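The file final_21.txt comes next; it holds compact mmCIF, N, CA and C atoms.
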```txt
# COMPACT_ATOMS: atom_id res chain seq x y z
N MET F 22 130.05 145.65 148.66
CA MET F 22 131.24 146.32 148.19
C MET F 22 130.81 147.49 147.29
N VAL F 23 131.52 148.59 147.40
CA VAL F 23 131.23 149.78 146.61
C VAL F 23 132.15 149.79 145.39
N LYS F 24 131.56 150.07 144.22
CA LYS F 24 132.30 150.08 142.96
C LYS F 24 132.21 151.45 142.31
N ILE F 25 133.26 151.80 141.59
CA ILE F 25 133.24 152.95 140.69
C ILE F 25 133.06 152.35 139.31
N ARG F 26 131.98 152.73 138.63
CA ARG F 26 131.67 152.12 137.34
C ARG F 26 130.91 153.11 136.46
N LEU F 27 130.57 152.65 135.25
CA LEU F 27 129.86 153.49 134.29
C LEU F 27 128.40 153.10 134.23
N THR F 28 127.55 154.08 133.99
CA THR F 28 126.15 153.84 133.71
C THR F 28 125.83 154.49 132.38
N ARG F 29 125.08 153.80 131.55
CA ARG F 29 124.82 154.27 130.18
C ARG F 29 123.66 155.26 130.14
N MET F 30 123.88 156.32 129.39
CA MET F 30 122.86 157.35 129.18
C MET F 30 122.82 157.65 127.68
N GLY F 31 121.93 158.51 127.25
CA GLY F 31 121.92 158.96 125.86
C GLY F 31 120.92 158.21 125.00
N ASP F 32 120.90 158.61 123.72
CA ASP F 32 119.96 158.05 122.76
C ASP F 32 120.42 156.72 122.21
N HIS F 33 119.55 156.12 121.43
CA HIS F 33 119.85 154.86 120.75
C HIS F 33 121.02 155.06 119.80
N LYS F 34 122.04 154.25 119.91
CA LYS F 34 123.25 154.27 119.09
C LYS F 34 124.11 155.53 119.25
N SER F 35 123.86 156.33 120.26
CA SER F 35 124.75 157.46 120.55
C SER F 35 124.87 157.61 122.07
N PRO F 36 125.51 156.64 122.71
CA PRO F 36 125.56 156.66 124.17
C PRO F 36 126.62 157.63 124.70
N PHE F 37 126.41 158.07 125.93
CA PHE F 37 127.45 158.65 126.74
C PHE F 37 127.27 158.03 128.11
N TYR F 38 128.25 158.19 128.96
CA TYR F 38 128.26 157.46 130.22
C TYR F 38 128.49 158.40 131.39
N ARG F 39 127.91 158.07 132.53
CA ARG F 39 128.22 158.74 133.78
C ARG F 39 129.18 157.83 134.55
N VAL F 40 130.17 158.42 135.17
CA VAL F 40 131.06 157.69 136.06
C VAL F 40 130.45 157.84 137.44
N ILE F 41 130.05 156.70 138.03
CA ILE F 41 129.29 156.75 139.29
C ILE F 41 129.94 155.87 140.35
N VAL F 42 129.52 156.08 141.57
CA VAL F 42 129.85 155.21 142.70
C VAL F 42 128.55 154.50 143.06
N ALA F 43 128.57 153.17 143.10
CA ALA F 43 127.35 152.41 143.37
C ALA F 43 127.70 151.13 144.13
N ASP F 44 126.70 150.59 144.79
CA ASP F 44 126.84 149.28 145.42
C ASP F 44 126.96 148.25 144.30
N SER F 45 127.81 147.27 144.49
CA SER F 45 128.06 146.29 143.43
C SER F 45 126.83 145.45 143.12
N ARG F 46 125.86 145.39 144.02
CA ARG F 46 124.67 144.58 143.80
C ARG F 46 123.58 145.32 143.03
N SER F 47 123.70 146.63 142.88
CA SER F 47 122.68 147.40 142.17
C SER F 47 122.84 147.24 140.66
N PRO F 48 121.75 147.33 139.89
CA PRO F 48 121.85 147.17 138.44
C PRO F 48 122.62 148.31 137.78
N ARG F 49 123.08 148.06 136.55
CA ARG F 49 123.94 149.02 135.84
C ARG F 49 123.34 150.41 135.79
N ASP F 50 122.08 150.51 135.41
CA ASP F 50 121.44 151.82 135.28
C ASP F 50 120.51 152.11 136.46
N GLY F 51 120.75 151.46 137.58
CA GLY F 51 119.88 151.61 138.73
C GLY F 51 120.41 152.59 139.76
N LYS F 52 120.13 152.28 141.00
CA LYS F 52 120.46 153.14 142.12
C LYS F 52 121.97 153.34 142.24
N PHE F 53 122.38 154.58 142.52
CA PHE F 53 123.79 154.88 142.72
C PHE F 53 123.96 155.80 143.91
N ILE F 54 125.19 155.94 144.38
CA ILE F 54 125.47 156.75 145.56
C ILE F 54 125.84 158.18 145.16
N GLU F 55 126.75 158.31 144.18
CA GLU F 55 127.22 159.64 143.79
C GLU F 55 127.72 159.63 142.34
N VAL F 56 127.56 160.74 141.64
CA VAL F 56 128.08 160.90 140.28
C VAL F 56 129.44 161.59 140.37
N LEU F 57 130.45 160.96 139.76
CA LEU F 57 131.80 161.53 139.77
C LEU F 57 132.10 162.33 138.52
N GLY F 58 131.41 162.04 137.43
CA GLY F 58 131.65 162.76 136.18
C GLY F 58 130.96 162.10 135.02
N THR F 59 131.37 162.51 133.80
CA THR F 59 130.78 161.95 132.58
C THR F 59 131.88 161.57 131.61
N TYR F 60 131.53 160.67 130.69
CA TYR F 60 132.45 160.25 129.63
C TYR F 60 131.67 160.11 128.34
N ASP F 61 132.09 160.86 127.32
CA ASP F 61 131.48 160.77 126.00
C ASP F 61 132.52 160.25 125.03
N PRO F 62 132.40 159.00 124.57
CA PRO F 62 133.42 158.42 123.69
C PRO F 62 133.46 159.05 122.30
N HIS F 63 132.43 159.84 121.94
CA HIS F 63 132.39 160.45 120.62
C HIS F 63 133.18 161.75 120.54
N LEU F 64 133.59 162.29 121.68
CA LEU F 64 134.35 163.54 121.71
C LEU F 64 135.80 163.26 122.05
N ASP F 65 136.70 164.09 121.52
CA ASP F 65 138.12 163.94 121.84
C ASP F 65 138.38 164.24 123.31
N ASP F 66 137.74 165.29 123.82
CA ASP F 66 137.89 165.66 125.23
C ASP F 66 136.59 165.32 125.95
N GLY F 67 136.20 164.06 125.88
CA GLY F 67 134.90 163.64 126.39
C GLY F 67 134.87 163.22 127.83
N LEU F 68 136.00 163.29 128.54
CA LEU F 68 136.03 162.86 129.94
C LEU F 68 136.04 164.07 130.86
N LYS F 69 135.01 164.18 131.67
CA LYS F 69 134.93 165.24 132.67
C LYS F 69 134.73 164.54 134.01
N LEU F 70 135.70 164.71 134.90
CA LEU F 70 135.71 163.94 136.14
C LEU F 70 136.11 164.83 137.30
N ASP F 71 135.44 164.68 138.44
CA ASP F 71 135.82 165.38 139.66
C ASP F 71 136.88 164.53 140.36
N ALA F 72 138.14 164.91 140.20
CA ALA F 72 139.26 164.11 140.70
C ALA F 72 139.26 164.01 142.22
N ASP F 73 138.88 165.08 142.90
CA ASP F 73 138.88 165.06 144.36
C ASP F 73 137.88 164.04 144.92
N LYS F 74 136.67 164.01 144.33
CA LYS F 74 135.67 163.03 144.76
C LYS F 74 136.15 161.61 144.49
N ALA F 75 136.75 161.40 143.31
CA ALA F 75 137.22 160.06 142.94
C ALA F 75 138.31 159.59 143.90
N LYS F 76 139.25 160.46 144.22
CA LYS F 76 140.32 160.09 145.17
C LYS F 76 139.76 159.77 146.55
N LYS F 77 138.75 160.55 146.96
CA LYS F 77 138.12 160.31 148.27
C LYS F 77 137.48 158.92 148.31
N TRP F 78 136.75 158.55 147.24
CA TRP F 78 136.09 157.25 147.21
C TRP F 78 137.09 156.10 147.15
N ILE F 79 138.16 156.28 146.39
CA ILE F 79 139.19 155.24 146.32
C ILE F 79 139.87 155.07 147.68
N ALA F 80 140.12 156.18 148.36
CA ALA F 80 140.71 156.13 149.70
C ALA F 80 139.78 155.43 150.69
N ASN F 81 138.47 155.54 150.46
CA ASN F 81 137.49 154.89 151.34
C ASN F 81 137.23 153.44 150.96
N GLY F 82 137.91 152.93 149.93
CA GLY F 82 137.81 151.51 149.60
C GLY F 82 136.98 151.16 148.38
N ALA F 83 136.52 152.14 147.62
CA ALA F 83 135.75 151.83 146.41
C ALA F 83 136.68 151.22 145.36
N GLN F 84 136.23 150.15 144.72
CA GLN F 84 137.02 149.45 143.71
C GLN F 84 136.52 149.81 142.32
N PRO F 85 137.36 150.40 141.46
CA PRO F 85 136.91 150.70 140.10
C PRO F 85 136.87 149.46 139.22
N THR F 86 135.93 149.42 138.30
CA THR F 86 135.89 148.35 137.30
C THR F 86 137.05 148.58 136.33
N ASP F 87 137.30 147.64 135.44
CA ASP F 87 138.42 147.77 134.50
C ASP F 87 138.28 149.02 133.62
N THR F 88 137.09 149.26 133.10
CA THR F 88 136.87 150.42 132.24
C THR F 88 136.99 151.71 133.05
N ALA F 89 136.41 151.73 134.24
CA ALA F 89 136.50 152.92 135.09
C ALA F 89 137.95 153.17 135.50
N ARG F 90 138.72 152.10 135.76
CA ARG F 90 140.13 152.25 136.11
C ARG F 90 140.90 152.91 134.96
N ALA F 91 140.62 152.49 133.72
CA ALA F 91 141.29 153.08 132.56
C ALA F 91 140.97 154.56 132.44
N LEU F 92 139.73 154.93 132.71
CA LEU F 92 139.36 156.34 132.65
C LEU F 92 140.00 157.14 133.78
N LEU F 93 140.10 156.54 134.97
CA LEU F 93 140.75 157.22 136.10
C LEU F 93 142.23 157.42 135.84
N VAL F 94 142.86 156.45 135.19
CA VAL F 94 144.27 156.59 134.81
C VAL F 94 144.41 157.70 133.78
N GLN F 95 143.51 157.73 132.81
CA GLN F 95 143.53 158.75 131.77
C GLN F 95 143.36 160.15 132.37
N ALA F 96 142.55 160.27 133.41
CA ALA F 96 142.33 161.56 134.06
C ALA F 96 143.45 161.91 135.04
N GLY F 97 144.33 160.96 135.33
CA GLY F 97 145.44 161.22 136.25
C GLY F 97 145.07 161.08 137.71
N VAL F 98 143.95 160.44 137.99
CA VAL F 98 143.51 160.25 139.38
C VAL F 98 144.31 159.14 140.05
N ILE F 99 144.53 158.04 139.33
CA ILE F 99 145.33 156.94 139.85
C ILE F 99 146.44 156.62 138.87
N GLU F 100 147.46 155.94 139.36
CA GLU F 100 148.58 155.55 138.51
C GLU F 100 148.30 154.18 137.90
N THR F 101 149.00 153.88 136.82
CA THR F 101 148.82 152.59 136.19
C THR F 101 149.31 151.51 137.14
N LYS F 102 148.64 150.40 137.10
CA LYS F 102 148.98 149.29 137.97
C LYS F 102 149.97 148.37 137.24
N LYS F 103 151.11 148.16 137.84
CA LYS F 103 152.10 147.26 137.24
C LYS F 103 151.57 145.83 137.29
N SER F 104 151.69 145.14 136.19
CA SER F 104 151.20 143.77 136.13
C SER F 104 152.20 142.85 136.82
N THR F 105 151.70 142.03 137.71
CA THR F 105 152.55 141.07 138.40
C THR F 105 152.51 139.71 137.71
N GLN F 106 151.63 139.56 136.74
CA GLN F 106 151.54 138.30 136.03
C GLN F 106 152.62 138.24 134.96
N LYS F 107 153.24 137.09 134.83
CA LYS F 107 154.28 136.92 133.84
C LYS F 107 153.67 136.45 132.52
N THR F 108 154.25 136.91 131.44
CA THR F 108 153.77 136.50 130.13
C THR F 108 154.25 135.08 129.83
N LYS F 109 153.70 134.50 128.78
CA LYS F 109 154.08 133.14 128.40
C LYS F 109 155.57 133.07 128.04
N VAL F 110 156.08 134.11 127.40
CA VAL F 110 157.50 134.13 127.01
C VAL F 110 158.39 134.14 128.25
N GLU F 111 158.05 134.96 129.25
CA GLU F 111 158.84 135.01 130.48
C GLU F 111 158.80 133.67 131.21
N LYS F 112 157.63 133.02 131.23
CA LYS F 112 157.51 131.73 131.88
C LYS F 112 158.36 130.68 131.17
N LYS F 113 158.37 130.73 129.84
CA LYS F 113 159.14 129.76 129.06
C LYS F 113 160.63 129.97 129.29
N LYS F 114 161.07 131.23 129.34
CA LYS F 114 162.50 131.50 129.58
C LYS F 114 162.92 131.00 130.95
N LYS F 115 162.05 131.17 131.94
CA LYS F 115 162.37 130.72 133.29
C LYS F 115 162.45 129.19 133.35
N ALA F 116 161.59 128.51 132.58
CA ALA F 116 161.58 127.04 132.56
C ALA F 116 162.84 126.47 131.90
N ASP F 117 163.43 127.22 130.95
CA ASP F 117 164.62 126.73 130.24
C ASP F 117 165.85 126.84 131.05
```

Here is a file; write its structure as structure tokens.
Amino acid sequence: MVKIRLTRMGDHKSPFYRVIVADSRSPRDGKFIEVLGTYDPHLDDGLKLDADKAKKWIANGAQPTDTARALLVQAGVIETKKSTQKTKVEKKKKAD
């Protein structure tokens, strides 16, 4: 399975990340297929992403990790996913 995920780069205690497409079996900082962009959590405008490449990979079946999904939503590449799980309060109201 192909995943869209982050790989860590940068110095000790000052990381930045690449948003990459990789096989799910490859290690975090190992072999990857393509770089989609970068994310620097220390900057206000730290997300630089190629939206066209990301949309192409998602259309081809690549599954983003939770963190990568949040960044893709932030960049406007994908829409937020509505939660289908009910909260404890909703479950309790239904039981009553």

Counting only C-alpha atoms, what is within 12 Å of Leu64 (chain F), bar same-chain residues fewer than 3 positions away, as a ChimeraX atom specification? /F:35-37,59-61,67-69

Show me, as an MDAnalysis selection string, the residues that have an atom within 8 Å of Ala72 (chain F) when counting only N, CA and C atoms, minus same-chain residues fewer than 3 positions from it. chainID F and resid 57:58 69 75:78 96:98

Once you have the residues from the selection above, write them out as a PDB file, in the coordinates of the input, restricted to N, CA and C atoms.
```pdb
ATOM      1  N   LEU F  57     130.450 160.960 139.760  1.00  0.00           N
ATOM      2  CA  LEU F  57     131.800 161.530 139.770  1.00  0.00           C
ATOM      3  C   LEU F  57     132.100 162.330 138.520  1.00  0.00           C
ATOM      4  N   GLY F  58     131.410 162.040 137.430  1.00  0.00           N
ATOM      5  CA  GLY F  58     131.650 162.760 136.180  1.00  0.00           C
ATOM      6  C   GLY F  58     130.960 162.100 135.020  1.00  0.00           C
ATOM      7  N   LYS F  69     135.010 164.180 131.670  1.00  0.00           N
ATOM      8  CA  LYS F  69     134.930 165.240 132.670  1.00  0.00           C
ATOM      9  C   LYS F  69     134.730 164.540 134.010  1.00  0.00           C
ATOM     10  N   ALA F  75     136.750 161.400 143.310  1.00  0.00           N
ATOM     11  CA  ALA F  75     137.220 160.060 142.940  1.00  0.00           C
ATOM     12  C   ALA F  75     138.310 159.590 143.900  1.00  0.00           C
ATOM     13  N   LYS F  76     139.250 160.460 144.220  1.00  0.00           N
ATOM     14  CA  LYS F  76     140.320 160.090 145.170  1.00  0.00           C
ATOM     15  C   LYS F  76     139.760 159.770 146.550  1.00  0.00           C
ATOM     16  N   LYS F  77     138.750 160.550 146.960  1.00  0.00           N
ATOM     17  CA  LYS F  77     138.120 160.310 148.270  1.00  0.00           C
ATOM     18  C   LYS F  77     137.480 158.920 148.310  1.00  0.00           C
ATOM     19  N   TRP F  78     136.750 158.550 147.240  1.00  0.00           N
ATOM     20  CA  TRP F  78     136.090 157.250 147.210  1.00  0.00           C
ATOM     21  C   TRP F  78     137.090 156.100 147.150  1.00  0.00           C
ATOM     22  N   ALA F  96     142.550 160.270 133.410  1.00  0.00           N
ATOM     23  CA  ALA F  96     142.330 161.560 134.060  1.00  0.00           C
ATOM     24  C   ALA F  96     143.450 161.910 135.040  1.00  0.00           C
ATOM     25  N   GLY F  97     144.330 160.960 135.330  1.00  0.00           N
ATOM     26  CA  GLY F  97     145.440 161.220 136.250  1.00  0.00           C
ATOM     27  C   GLY F  97     145.070 161.080 137.710  1.00  0.00           C
ATOM     28  N   VAL F  98     143.950 160.440 137.990  1.00  0.00           N
ATOM     29  CA  VAL F  98     143.510 160.250 139.380  1.00  0.00           C
ATOM     30  C   VAL F  98     144.310 159.140 140.050  1.00  0.00           C
TER      31      VAL F  98
END
```

Name the closest residue to Lys24 (chain F) among the candidates F:Leu70, F:Val56, F:Pro85, F:Pro62; distances are taken between atoms, counting only C-alpha atoms.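 The shortest atom-to-atom distance to Lys24 (chain F) comes from F:Pro85.
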
Which residue of F:Met30, F:Asp44, F:Leu92, F:Ile99 approaches Ala80 (chain F) most closely, using only C-alpha atoms: F:Ile99

Give as JSON, numbers by chain each residue that has an atom at most 7 Å from (121.8, 154.7, 143.0) in the file, counting all atoms listed in the file. {"F": [42, 43, 44, 51, 52, 53, 54, 55]}

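From atom C of Thr86 (chain F) back to CA of Ile25 (chain F), the distance works out to 7.3 Å.
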
Name the residues within 8 Å of (128.2, 141.6, 146.1), counting all atoms listed in the file in the file's coordinates, and put them as a list in words.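 Residues with an atom at most 8 Å from (128.2, 141.6, 146.1): Met22, Val23, Asp44, Ser45, Arg46 and Ser47 of chain F.
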
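Residues of chain F assigned to helix (DSSP H, G or I) by DSSP on this structure's backbone: Ala72, Asp73, Lys74, Ala75, Lys76, Lys77, Trp78, Ile79, Ala80, Asp87, Thr88, Ala89, Arg90, Ala91, Leu92, Leu93, Val94, Gln95, Ala96, Lys109, Val110, Glu111, Lys112, Lys113, Lys114, Lys115 and Ala116 of chain F.
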
Of the listed residues F:Asp32, F:Asn81, F:Leu27, F:Asp65, that which approaches Leu93 (chain F) most closely, counting only C-alpha atoms: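 Closest residue, counting only C-alpha atoms: F:Leu27.
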
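Counting only C-alpha atoms and comparing F:Lys74, F:Arg26, F:Lys34, F:Arg39, the residue that lies closest to Ala89 (chain F) is F:Arg26.
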
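Atom N of Gly31 (chain F) lies 19.9 Å from atom N of Arg90 (chain F).
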